[in-house]
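Peer 1: This is model34.txt, which holds compact mmCIF, C-alpha atoms:
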# COMPACT_ATOMS: atom_id res chain seq x y z
CA MET A 13 17.99 7.43 8.75
CA THR A 14 15.32 9.88 9.88
CA THR A 15 15.97 13.44 10.93
CA SER A 16 15.08 14.38 14.46
CA SER A 17 12.64 17.09 13.46
CA GLU A 18 10.78 15.30 10.68
CA ALA A 19 8.44 12.32 10.64
CA PRO A 20 9.49 9.24 8.65
CA ILE A 21 8.57 9.23 4.97
CA THR A 22 6.49 6.05 5.26
CA GLU A 23 3.93 6.68 7.96
CA ALA A 24 2.28 3.88 9.93
CA PHE A 25 -0.41 2.25 7.79
CA GLU A 26 -3.76 1.72 9.50
CA SER A 27 -5.59 -1.08 7.72
CA GLU A 28 -9.38 -1.14 7.62
CA VAL A 29 -9.34 -4.91 7.19
CA PRO A 30 -9.87 -6.83 10.45
CA ILE A 31 -7.06 -9.04 11.73
CA TRP A 32 -7.38 -12.67 10.66
CA PRO A 33 -8.74 -13.96 14.01
CA VAL A 34 -11.83 -11.77 13.52
CA PHE A 35 -12.62 -13.65 10.30
CA VAL A 36 -12.84 -16.97 12.20
CA ARG A 37 -16.40 -16.15 13.29
CA HIS A 38 -17.45 -15.11 9.81
CA VAL A 39 -16.10 -18.27 8.15
CA LEU A 40 -17.91 -20.46 10.67
CA SER A 41 -21.07 -18.36 10.37
CA VAL A 42 -21.16 -18.73 6.59
CA LEU A 43 -20.73 -22.52 6.89
CA SER A 44 -23.01 -22.94 9.93
CA ASP A 45 -25.96 -24.13 7.82
CA GLY A 46 -23.99 -27.22 6.86
CA SER A 47 -23.42 -26.21 3.26
CA THR A 48 -20.28 -27.03 1.31
CA LEU A 49 -18.71 -24.02 -0.40
CA HIS A 50 -15.88 -23.57 -2.86
CA ARG A 51 -13.04 -21.56 -1.36
CA ARG A 52 -13.76 -18.56 -3.61
CA ASP A 53 -17.42 -18.50 -2.57
CA LEU A 54 -16.50 -18.97 1.07
CA VAL A 55 -14.09 -16.02 0.96
CA SER A 56 -16.62 -13.82 -0.82
CA ARG A 57 -19.44 -14.60 1.63
CA ALA A 58 -17.18 -14.21 4.67
CA ILE A 59 -16.17 -10.74 3.44
CA ASP A 60 -19.87 -9.88 3.04
CA SER A 61 -20.57 -11.26 6.51
CA ALA A 62 -17.85 -9.03 7.96
CA GLN A 63 -19.50 -6.04 6.22
CA LEU A 64 -16.21 -4.63 4.97
CA SER A 65 -16.28 -1.16 3.48
CA ASN A 66 -15.44 -0.68 -0.19
CA SER A 67 -12.06 0.77 0.72
CA ALA A 68 -11.30 -2.24 2.95
CA ARG A 69 -12.30 -4.62 0.16
CA GLU A 70 -9.93 -2.83 -2.21
CA GLU A 71 -6.93 -2.78 0.16
CA THR A 72 -3.96 -4.52 -1.42
CA LEU A 73 -0.67 -5.88 -0.19
CA ASN A 74 2.59 -4.66 -1.70
CA SER A 75 2.56 -7.90 -3.69
CA GLY A 76 -0.75 -6.92 -5.26
CA GLY A 77 -3.11 -9.41 -3.60
CA LEU A 78 -6.15 -8.31 -1.64
CA ARG A 79 -5.44 -7.94 2.08
CA SER A 80 -8.89 -9.26 3.05
CA GLU A 81 -8.38 -12.47 1.06
CA GLN A 82 -4.91 -12.93 2.57
CA ARG A 83 -6.23 -12.63 6.12
CA LEU A 84 -9.23 -14.82 5.39
CA GLY A 85 -6.83 -17.42 4.06
CA TRP A 86 -5.12 -17.58 7.43
CA ALA A 87 -8.47 -17.93 9.22
CA ILE A 88 -9.46 -20.79 6.91
CA SER A 89 -6.05 -22.43 7.30
CA ASN A 90 -6.18 -22.35 11.11
CA LEU A 91 -9.77 -23.58 11.21
CA PHE A 92 -8.79 -26.48 8.98
CA LYS A 93 -5.78 -27.34 11.16
CA ALA A 94 -8.01 -27.32 14.23
CA GLY A 95 -10.47 -29.67 12.54
CA TRP A 96 -13.35 -27.19 12.77
CA ILE A 97 -13.81 -27.17 9.01
CA GLU A 98 -12.99 -29.89 6.51
CA ARG A 99 -12.48 -30.35 2.78
CA PRO A 100 -14.87 -33.06 1.55
CA VAL A 101 -13.64 -32.41 -1.99
CA ARG A 102 -10.77 -30.39 -3.33
CA ALA A 103 -11.00 -26.62 -2.73
CA ASN A 104 -14.39 -27.00 -1.02
CA TYR A 105 -15.09 -26.55 2.68
CA ARG A 106 -17.79 -27.36 5.22
CA ILE A 107 -18.07 -27.06 8.98
CA THR A 108 -17.46 -30.08 11.23
CA GLU A 109 -19.27 -31.08 14.42
CA ALA A 110 -16.28 -29.81 16.42
CA GLY A 111 -16.55 -26.50 14.58
CA LYS A 112 -20.28 -26.24 15.27
CA LYS A 113 -19.67 -26.90 18.96
CA TRP A 114 -16.90 -24.31 19.27
CA PHE A 115 -18.95 -21.72 17.38
CA GLY A 116 -21.97 -22.45 19.57
CA ASP A 117 -19.84 -21.89 22.66
CA HIS A 118 -18.14 -18.79 21.21
CA PRO A 119 -20.68 -16.98 18.99
CA ASP A 120 -18.71 -13.72 19.24
CA GLY A 121 -15.61 -15.40 17.85
CA ILE A 122 -12.07 -14.12 18.44
CA SER A 123 -11.08 -10.47 18.55
CA SER A 124 -7.33 -10.50 19.30
CA PHE A 125 -4.09 -12.27 18.41
CA ALA A 126 -3.65 -13.20 22.08
CA VAL A 127 -6.90 -15.20 22.13
CA ALA A 128 -6.13 -16.67 18.71
CA GLN A 129 -2.75 -17.84 19.96
CA ARG A 130 -4.31 -19.53 22.98
CA THR A 131 -7.03 -21.06 20.80
CA PHE A 132 -4.97 -22.39 17.91
CA ALA A 133 -1.44 -22.82 19.31
CA ALA A 134 -2.04 -26.52 19.98
CA TYR A 135 -2.60 -27.04 16.24
CA TRP A 136 0.39 -24.99 15.04
CA PRO A 137 3.76 -26.52 14.07
CA GLN A 138 6.56 -25.73 16.51
CA ALA A 139 8.15 -23.10 14.24
CA GLN A 140 4.91 -21.14 14.13
CA LYS A 141 4.53 -21.38 17.92
CA ASP A 142 8.07 -20.07 18.39
CA SER A 143 7.50 -17.10 16.06
CA ALA A 144 4.14 -16.07 17.49
CA PRO A 145 4.33 -12.79 19.44
CA ALA A 146 4.28 -13.05 23.22
CA GLU A 147 1.33 -11.45 24.98
CA THR A 148 3.68 -9.05 26.74
CA GLU A 149 4.72 -7.66 23.34
CA GLY A 150 1.34 -6.21 22.44
CA PRO A 151 -0.24 -9.11 20.49
CA ASP A 152 -3.19 -7.00 19.36
CA LYS A 153 -0.73 -4.82 17.43
CA GLU A 154 1.43 -7.62 16.03
CA SER A 155 0.61 -9.74 13.00
CA THR A 156 1.27 -13.48 13.01
CA ASP A 157 0.92 -13.56 9.23
CA PRO A 158 4.44 -14.02 7.77
CA ILE A 159 3.45 -12.20 4.56
CA GLU A 160 2.39 -9.12 6.49
CA LEU A 161 5.47 -9.34 8.71
CA ILE A 162 7.61 -9.28 5.56
CA GLU A 163 5.64 -6.30 4.27
CA GLU A 164 6.13 -4.45 7.55
CA GLY A 165 9.88 -5.03 7.27
CA ILE A 166 9.91 -3.81 3.66
CA ASN A 167 7.96 -0.70 4.66
CA ARG A 168 10.52 0.08 7.37
CA ILE A 169 13.35 -0.28 4.85
CA SER A 170 11.47 1.94 2.38
CA SER A 171 11.00 4.54 5.09
CA ASP A 172 14.74 4.67 5.78
CA VAL A 173 15.58 4.79 2.07
CA GLY A 174 12.97 7.50 1.53
CA ASP A 175 14.47 9.66 4.25
CA ALA A 176 17.94 9.20 2.74
CA LEU A 177 16.64 10.02 -0.74
CA LEU A 178 15.07 13.25 0.48
CA ILE A 179 18.32 14.34 2.12
CA ARG A 180 20.25 13.59 -1.10
CA LEU A 181 17.74 15.53 -3.22
CA ARG A 182 17.83 18.55 -0.93
CA ASP A 183 21.62 18.58 -1.07
CA SER A 184 21.80 18.12 -4.84
CA HIS A 185 22.46 20.77 -7.48
CA PRO A 186 19.25 22.41 -8.80
CA GLU A 187 19.94 21.12 -12.33
CA PHE A 188 20.40 17.57 -11.03
CA PHE A 189 17.09 17.79 -9.17
CA GLU A 190 15.29 19.03 -12.28
CA GLU A 191 16.75 16.16 -14.32
CA ALA A 192 15.74 13.68 -11.62
CA VAL A 193 12.16 14.93 -11.70
CA VAL A 194 11.98 14.54 -15.49
CA LYS A 195 13.41 11.00 -15.24
CA LEU A 196 10.77 10.12 -12.65
CA LEU A 197 7.90 11.29 -14.83
CA LEU A 198 9.30 9.34 -17.77
CA ALA A 199 9.59 6.24 -15.57
CA MET A 200 5.94 6.71 -14.60
CA GLY A 201 4.93 6.34 -18.23
CA TYR A 202 4.74 9.93 -19.43
CA GLY A 203 6.70 11.08 -22.46
CA GLY A 204 4.68 9.35 -25.17
CA ALA A 205 5.82 6.48 -27.34
CA GLU A 206 9.27 8.01 -27.76
CA GLN A 207 9.76 8.89 -24.08
CA ARG A 208 10.12 12.59 -24.83
CA GLY A 209 10.81 14.82 -21.89
CA ARG A 210 13.47 17.38 -21.14
CA ARG A 211 14.70 19.82 -18.58
CA ILE A 212 14.32 23.44 -19.68
CA GLY A 213 15.31 25.17 -16.46
CA GLY A 214 17.81 28.00 -16.43
CA THR A 215 17.92 31.58 -17.64
CA GLY A 216 14.89 32.40 -19.75
CA ASP A 217 13.02 29.23 -18.84
CA GLY A 218 9.75 31.13 -18.60
CA GLY A 219 9.06 29.92 -15.07
CA VAL A 220 9.06 26.17 -15.74
CA ASP A 221 11.79 23.58 -15.29
CA GLY A 222 10.73 20.76 -17.60
CA VAL A 223 8.26 19.62 -20.23
CA ILE A 224 6.93 16.11 -20.87
CA ASP A 225 4.80 14.77 -23.73
CA GLN A 226 1.52 13.41 -22.39
CA ASP A 227 0.42 11.43 -25.46
CA ALA A 228 2.14 9.30 -28.08
CA LEU A 229 2.35 12.09 -30.66
CA GLY A 230 3.19 14.92 -28.31
CA LEU A 231 -0.07 16.74 -29.06
CA ASP A 232 -0.43 17.62 -25.40
CA GLN A 233 2.34 18.46 -22.97
CA ILE A 234 2.76 18.71 -19.21
CA TYR A 235 4.95 21.45 -17.81
CA VAL A 236 6.94 20.86 -14.65
CA GLN A 237 8.14 23.08 -11.84
CA ALA A 238 10.73 21.56 -9.50
CA LYS A 239 11.60 23.34 -6.25
CA ARG A 240 14.46 21.94 -4.18
CA TYR A 241 13.50 23.50 -0.86
CA ALA A 242 15.10 22.88 2.50
CA GLU A 243 13.26 21.20 5.33
CA GLY A 244 10.70 23.48 6.94
CA LYS A 245 10.32 25.85 3.97
CA SER A 246 6.86 25.44 2.49
CA ILE A 247 5.43 26.25 -0.93
CA SER A 248 2.90 29.06 -0.62
CA ARG A 249 -0.20 29.92 -2.62
CA GLU A 250 1.70 32.81 -4.23
CA THR A 251 4.29 30.39 -5.63
CA ILE A 252 1.55 28.26 -7.16
CA GLN A 253 -0.05 31.37 -8.64
CA ALA A 254 3.28 32.26 -10.27
CA PHE A 255 3.45 28.76 -11.76
CA ILE A 256 -0.07 29.19 -13.18
CA GLY A 257 1.07 32.42 -14.78
CA ALA A 258 4.01 30.61 -16.35
CA LEU A 259 1.68 27.95 -17.75
CA HIS A 260 -0.48 30.63 -19.34
CA GLY A 261 2.65 31.99 -20.98
CA PHE A 262 3.18 28.62 -22.66
CA GLY A 263 -0.50 28.25 -23.50
CA ALA A 264 -0.63 25.19 -21.27
CA SER A 265 -3.44 23.94 -19.06
CA ARG A 266 -1.67 21.15 -17.17
CA GLY A 267 1.28 21.21 -14.84
CA VAL A 268 3.07 19.30 -12.11
CA PHE A 269 4.68 21.11 -9.20
CA ILE A 270 7.23 18.97 -7.35
CA THR A 271 9.12 19.95 -4.22
CA THR A 272 11.36 18.39 -1.60
CA SER A 273 9.38 20.32 1.00
CA HIS A 274 5.61 20.59 1.44
CA PHE A 275 2.70 22.81 0.39
CA THR A 276 0.69 25.07 2.66
CA GLN A 277 -3.01 24.37 3.03
CA HIS A 278 -3.81 27.59 1.13
CA ALA A 279 -1.61 26.41 -1.75
CA ARG A 280 -3.40 23.06 -1.93
CA GLU A 281 -6.83 24.66 -1.76
CA TYR A 282 -5.92 27.10 -4.52
CA ALA A 283 -4.56 24.34 -6.79
CA ALA A 284 -7.74 22.30 -6.27
CA ALA A 285 -10.05 25.23 -7.03
CA ILE A 286 -8.57 26.61 -10.26
CA GLN A 287 -9.57 25.51 -13.75
CA ASN A 288 -6.04 24.52 -14.72
CA ARG A 289 -5.17 20.95 -13.82
CA ILE A 290 -2.24 21.22 -11.39
CA VAL A 291 -0.82 18.23 -9.52
CA LEU A 292 1.16 18.97 -6.35
CA ILE A 293 3.79 16.45 -5.24
CA ASP A 294 5.49 17.07 -1.92
CA GLY A 295 8.68 15.53 -0.59
CA LYS A 296 7.05 12.49 0.95
CA ARG A 297 5.14 11.59 -2.17
CA LEU A 298 8.15 12.35 -4.35
CA VAL A 299 10.45 9.82 -2.70
CA SER A 300 7.59 7.30 -2.48
CA LEU A 301 7.19 7.53 -6.25
CA MET A 302 10.94 7.30 -6.79
CA ILE A 303 11.04 4.07 -4.78
CA LYS A 304 8.00 2.66 -6.57
CA TYR A 305 9.34 3.42 -10.05
CA ARG A 306 12.98 2.64 -9.16
CA VAL A 307 14.42 6.09 -9.86
CA GLY A 308 17.54 6.80 -7.77
CA VAL A 309 17.24 3.39 -6.08
CA GLN A 310 18.03 -0.18 -7.05
CA VAL A 311 16.71 -3.55 -5.95
CA LYS A 312 19.22 -4.96 -3.49
CA GLN A 313 17.56 -8.31 -2.89
CA SER A 314 14.29 -10.01 -3.74
CA TYR A 315 12.35 -12.95 -2.31
CA ASP A 316 9.73 -15.28 -3.73
CA VAL A 317 6.78 -16.19 -1.53
CA VAL A 318 4.93 -19.34 -2.62
CA ASP A 319 1.50 -20.65 -1.73
CA ILE A 320 -0.72 -23.55 -2.74
CA ASP A 321 -2.43 -23.00 -6.10
CA GLU A 322 -6.01 -23.90 -5.21
CA ASP A 323 -7.08 -23.74 -8.87
CA PHE A 324 -4.49 -26.42 -9.70
CA PHE A 325 -6.24 -28.88 -7.36
CA GLU A 326 -9.81 -28.23 -8.51
Here is a file; write its structure as structure tokens.
Peer 2:
Amino acid sequence: MTTSSEAPITEAFESEVPIWPVFVRHVLSVLSDGSTLHRRDLVSRAIDSAQLSNSAREETLNSGGLRSEQRLGWAISNLFKAGWIERPVRANYRITEAGKKWFGDHPDGISSFAVAQRTFAAYWPQAQKDSAPAETEGPDKESTDPIELIEEGINRISSDVGDALLIRLRDSHPEFFEEAVVKLLLAMGYGGAEQRGRRIGGTGDGGVDGVIDQDALGLDQIYVQAKRYAEGKSISRETIQAFIGALHGFGASRGVFITTSHFTQHAREYAAAIQNRIVLIDGKRLVSLMIKYRVGVQVKQSYDVVDIDEDFFE
């Protein structure tokens, strides 16, 4: 449930990793010399051939796997189904004569899902043909990878839950919000071996709302400010300056400022420039962390996705 005047919590993710059809050319290029490569080496060389940036190489799925390897897996799978590459021995691949011919006729490869669908549909099982996006539905923007389709659905659910969380937090009592913030930081692993953290907001709080142990013995502590602001009300530089003053009063050098709203650019620039280590968490990041660390939410349903264990068949 998103409000009419605010963007969804989970914004559209723009991946730097090419869609799987783009990797078709790189797989065939790597194998074009007739060599036989283990799947791991083939994936690694195809990624190098595609000249992916470091950030693209490090992109992960929600499940934790690398996005580039996932998409390369689909390229390899479709090439194998089409008979353009073969497995002479387990987990090893080489190009076939049919693959050499197709690559010779199409050196630029495939750049869209629409072309990939026309190229490989004859080799797909009927269920995959039925689920493939129609060209009228914007195939260049749609993924035919079931894993990524599941992830897109999960992201949409997370966006709706995030919006609902933010509304609940804004409507909550200030003390409840402060407690929720402390619980989140504890769930993230702060609080030391004994999970020590407490809300200290209220009269005479000295300008902070909570304190969390950073190490196992509590030798260092993080002070927390939690501002439950309404939509549209931003945290200014002056508010951050006041928080810094409060930290000095406690003799502290580290703090976390958490709000249900957002920070002005001047506030962010000030926090980045000062010697004290101050982390700013706005409403969007707050609910994202709550979902990730399961604070204020619960798992409603889970699914297992299985795949062939290539190492098992080596």
Peer 1: For a quick check of understanding, using only C-alpha atoms, which of A:Met200, A:Ser273, A:Arg182, A:Gly222 has the smallest distance to A:Tyr305?
Peer 2: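 Residue with the minimum atom-to-atom distance to A:Tyr305: A:Met200.
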Peer 1: In terms of the shortest atom-to-atom distance over all atoms listed in the file, which of A:Tyr241, A:Phe35, A:Phe132, A:Phe188 is closest to A:Lys93?
Peer 2: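 Of all the options, A:Phe132 lies closest to A:Lys93.
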Peer 1: For each of A:Ile97, A:Ala279, A:Ala285, A:Leu73, take the minimum atom-to-atom distance to A:Asn167, counting all atoms listed in the file, then give the residue where this is smallest.
Peer 2: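 Looking only at the distances to A:Asn167, the closest residue turns out to be A:Leu73.
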Peer 1: To one decimal place, how far is atom CA of A:Trp114 from atom CA of A:Ser47 in Å?
Peer 2: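 Taking atom CA of A:Trp114 as the start and atom CA of A:Ser47 as the end point, the length is 17.4 Å.
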Peer 1: Find the spatial neighbours of A:Arg266, counting all atoms listed in the file, within a cut-off of 7 Å - ignore same-chain residues fewer than 4 positions away - and output them as a list in words.
Peer 2: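 Selected residues are Ile234, Tyr235, Asn288, Arg289 and Ile290 of chain A.
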Peer 1: Looking at all atoms listed in the file, which of A:Asp225, A:Asp117, A:Asp175, A:Asp316 is the one that sits closest to A:Leu198?
Peer 2: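 Nearest to A:Leu198: A:Asp225.
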Peer 1: Looking at A:Asp232, A:Ser44, A:Val317, A:Ala62, which one is nearest to A:Ala264, with distances taken over all atoms listed in the file?
Peer 2: A:Asp232
Peer 1: If I take atom CA of A:Ile166 and atom CA of A:Gly76, how far is one from the other in Å, to one decimal?
Peer 2: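 We find that atom CA of A:Ile166 and atom CA of A:Gly76 lie 14.2 Å from each other.
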Peer 1: For A:Val318, which residue out of A:Val36, A:Leu292, A:Ile159, A:Arg79 is the nearest one, using only C-alpha atoms?
Peer 2: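 The answer is A:Ile159, which sits nearest to A:Val318.
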Peer 1: How would stretch 285-297 of chain A look written as a short mmCIF file (atom, residue, chain, number, x, y, z; two decimals), in the first residue's frame with all heavy atoms?
Peer 2:
data_model
loop_
_atom_site.label_atom_id
_atom_site.label_comp_id
_atom_site.auth_asym_id
_atom_site.auth_seq_id
_atom_site.Cartn_x
_atom_site.Cartn_y
_atom_site.Cartn_z
N ALA A 285 31.19 15.18 6.72
CA ALA A 285 32.40 16.00 6.83
C ALA A 285 32.98 16.05 8.23
O ALA A 285 34.17 16.32 8.40
CB ALA A 285 32.09 17.42 6.35
N ILE A 286 32.18 15.81 9.26
CA ILE A 286 32.66 15.96 10.64
C ILE A 286 33.52 14.78 11.07
O ILE A 286 33.48 13.70 10.46
CB ILE A 286 31.48 16.12 11.62
CG1 ILE A 286 30.56 14.90 11.54
CG2 ILE A 286 30.72 17.40 11.34
CD1 ILE A 286 29.43 14.94 12.52
N GLN A 287 34.31 15.00 12.11
CA GLN A 287 35.20 13.95 12.61
C GLN A 287 34.44 12.83 13.29
O GLN A 287 34.82 11.66 13.18
CB GLN A 287 36.22 14.56 13.58
CG GLN A 287 37.28 13.58 14.05
CD GLN A 287 38.34 14.25 14.90
OE1 GLN A 287 38.29 15.45 15.15
NE2 GLN A 287 39.32 13.47 15.35
N ASN A 288 33.37 13.16 13.99
CA ASN A 288 32.56 12.12 14.62
C ASN A 288 31.96 11.20 13.56
O ASN A 288 31.58 11.64 12.47
CB ASN A 288 31.41 12.75 15.42
CG ASN A 288 31.91 13.62 16.55
OD1 ASN A 288 32.41 14.71 16.31
ND2 ASN A 288 31.77 13.14 17.78
N ARG A 289 31.89 9.92 13.88
CA ARG A 289 31.31 8.95 12.96
C ARG A 289 29.82 8.88 13.19
O ARG A 289 29.34 8.32 14.19
CB ARG A 289 31.96 7.58 13.17
CG ARG A 289 31.37 6.47 12.32
CD ARG A 289 31.52 6.74 10.85
NE ARG A 289 31.08 5.59 10.06
CZ ARG A 289 30.55 5.69 8.86
NH1 ARG A 289 30.38 6.88 8.30
NH2 ARG A 289 30.18 4.61 8.20
N ILE A 290 29.04 9.48 12.27
CA ILE A 290 27.59 9.52 12.39
C ILE A 290 26.96 8.81 11.19
O ILE A 290 27.25 9.13 10.04
CB ILE A 290 27.06 10.98 12.45
CG1 ILE A 290 27.73 11.74 13.59
CG2 ILE A 290 25.54 10.97 12.62
CD1 ILE A 290 27.46 11.16 14.96
N VAL A 291 26.11 7.85 11.47
CA VAL A 291 25.40 7.13 10.41
C VAL A 291 23.97 7.64 10.37
O VAL A 291 23.29 7.68 11.41
CB VAL A 291 25.42 5.61 10.65
CG1 VAL A 291 24.56 4.89 9.61
CG2 VAL A 291 26.85 5.07 10.62
N LEU A 292 23.52 8.03 9.18
CA LEU A 292 22.16 8.53 9.00
C LEU A 292 21.32 7.46 8.31
O LEU A 292 21.68 6.96 7.25
CB LEU A 292 22.16 9.81 8.16
CG LEU A 292 23.05 10.97 8.64
CD1 LEU A 292 22.89 12.17 7.73
CD2 LEU A 292 22.74 11.33 10.09
N ILE A 293 20.18 7.12 8.91
CA ILE A 293 19.28 6.12 8.34
C ILE A 293 17.91 6.74 8.15
O ILE A 293 17.24 7.10 9.13
CB ILE A 293 19.18 4.88 9.25
CG1 ILE A 293 20.56 4.23 9.41
CG2 ILE A 293 18.17 3.88 8.70
CD1 ILE A 293 20.56 3.02 10.34
N ASP A 294 17.51 6.91 6.90
CA ASP A 294 16.21 7.51 6.63
C ASP A 294 15.11 6.46 6.61
O ASP A 294 15.37 5.26 6.84
CB ASP A 294 16.24 8.31 5.33
CG ASP A 294 16.53 7.45 4.10
OD1 ASP A 294 16.47 6.20 4.20
OD2 ASP A 294 16.83 8.02 3.03
N GLY A 295 13.89 6.89 6.34
CA GLY A 295 12.75 5.99 6.42
C GLY A 295 12.85 4.80 5.48
O GLY A 295 12.53 3.67 5.85
N LYS A 296 13.31 5.04 4.27
CA LYS A 296 13.40 3.95 3.30
C LYS A 296 14.40 2.89 3.75
O LYS A 296 14.13 1.69 3.68
CB LYS A 296 13.80 4.49 1.93
CG LYS A 296 12.71 5.28 1.24
CD LYS A 296 13.12 5.68 -0.16
CE LYS A 296 12.00 6.43 -0.87
NZ LYS A 296 12.36 6.79 -2.26
N ARG A 297 15.56 3.35 4.20
CA ARG A 297 16.57 2.39 4.64
C ARG A 297 16.13 1.71 5.93
O ARG A 297 16.40 0.53 6.15
CB ARG A 297 17.91 3.09 4.83
CG ARG A 297 19.05 2.12 5.11
CD ARG A 297 20.38 2.82 5.26
NE ARG A 297 21.43 1.86 5.54
CZ ARG A 297 22.65 2.19 5.97
NH1 ARG A 297 22.96 3.48 6.14
NH2 ARG A 297 23.56 1.27 6.22
#
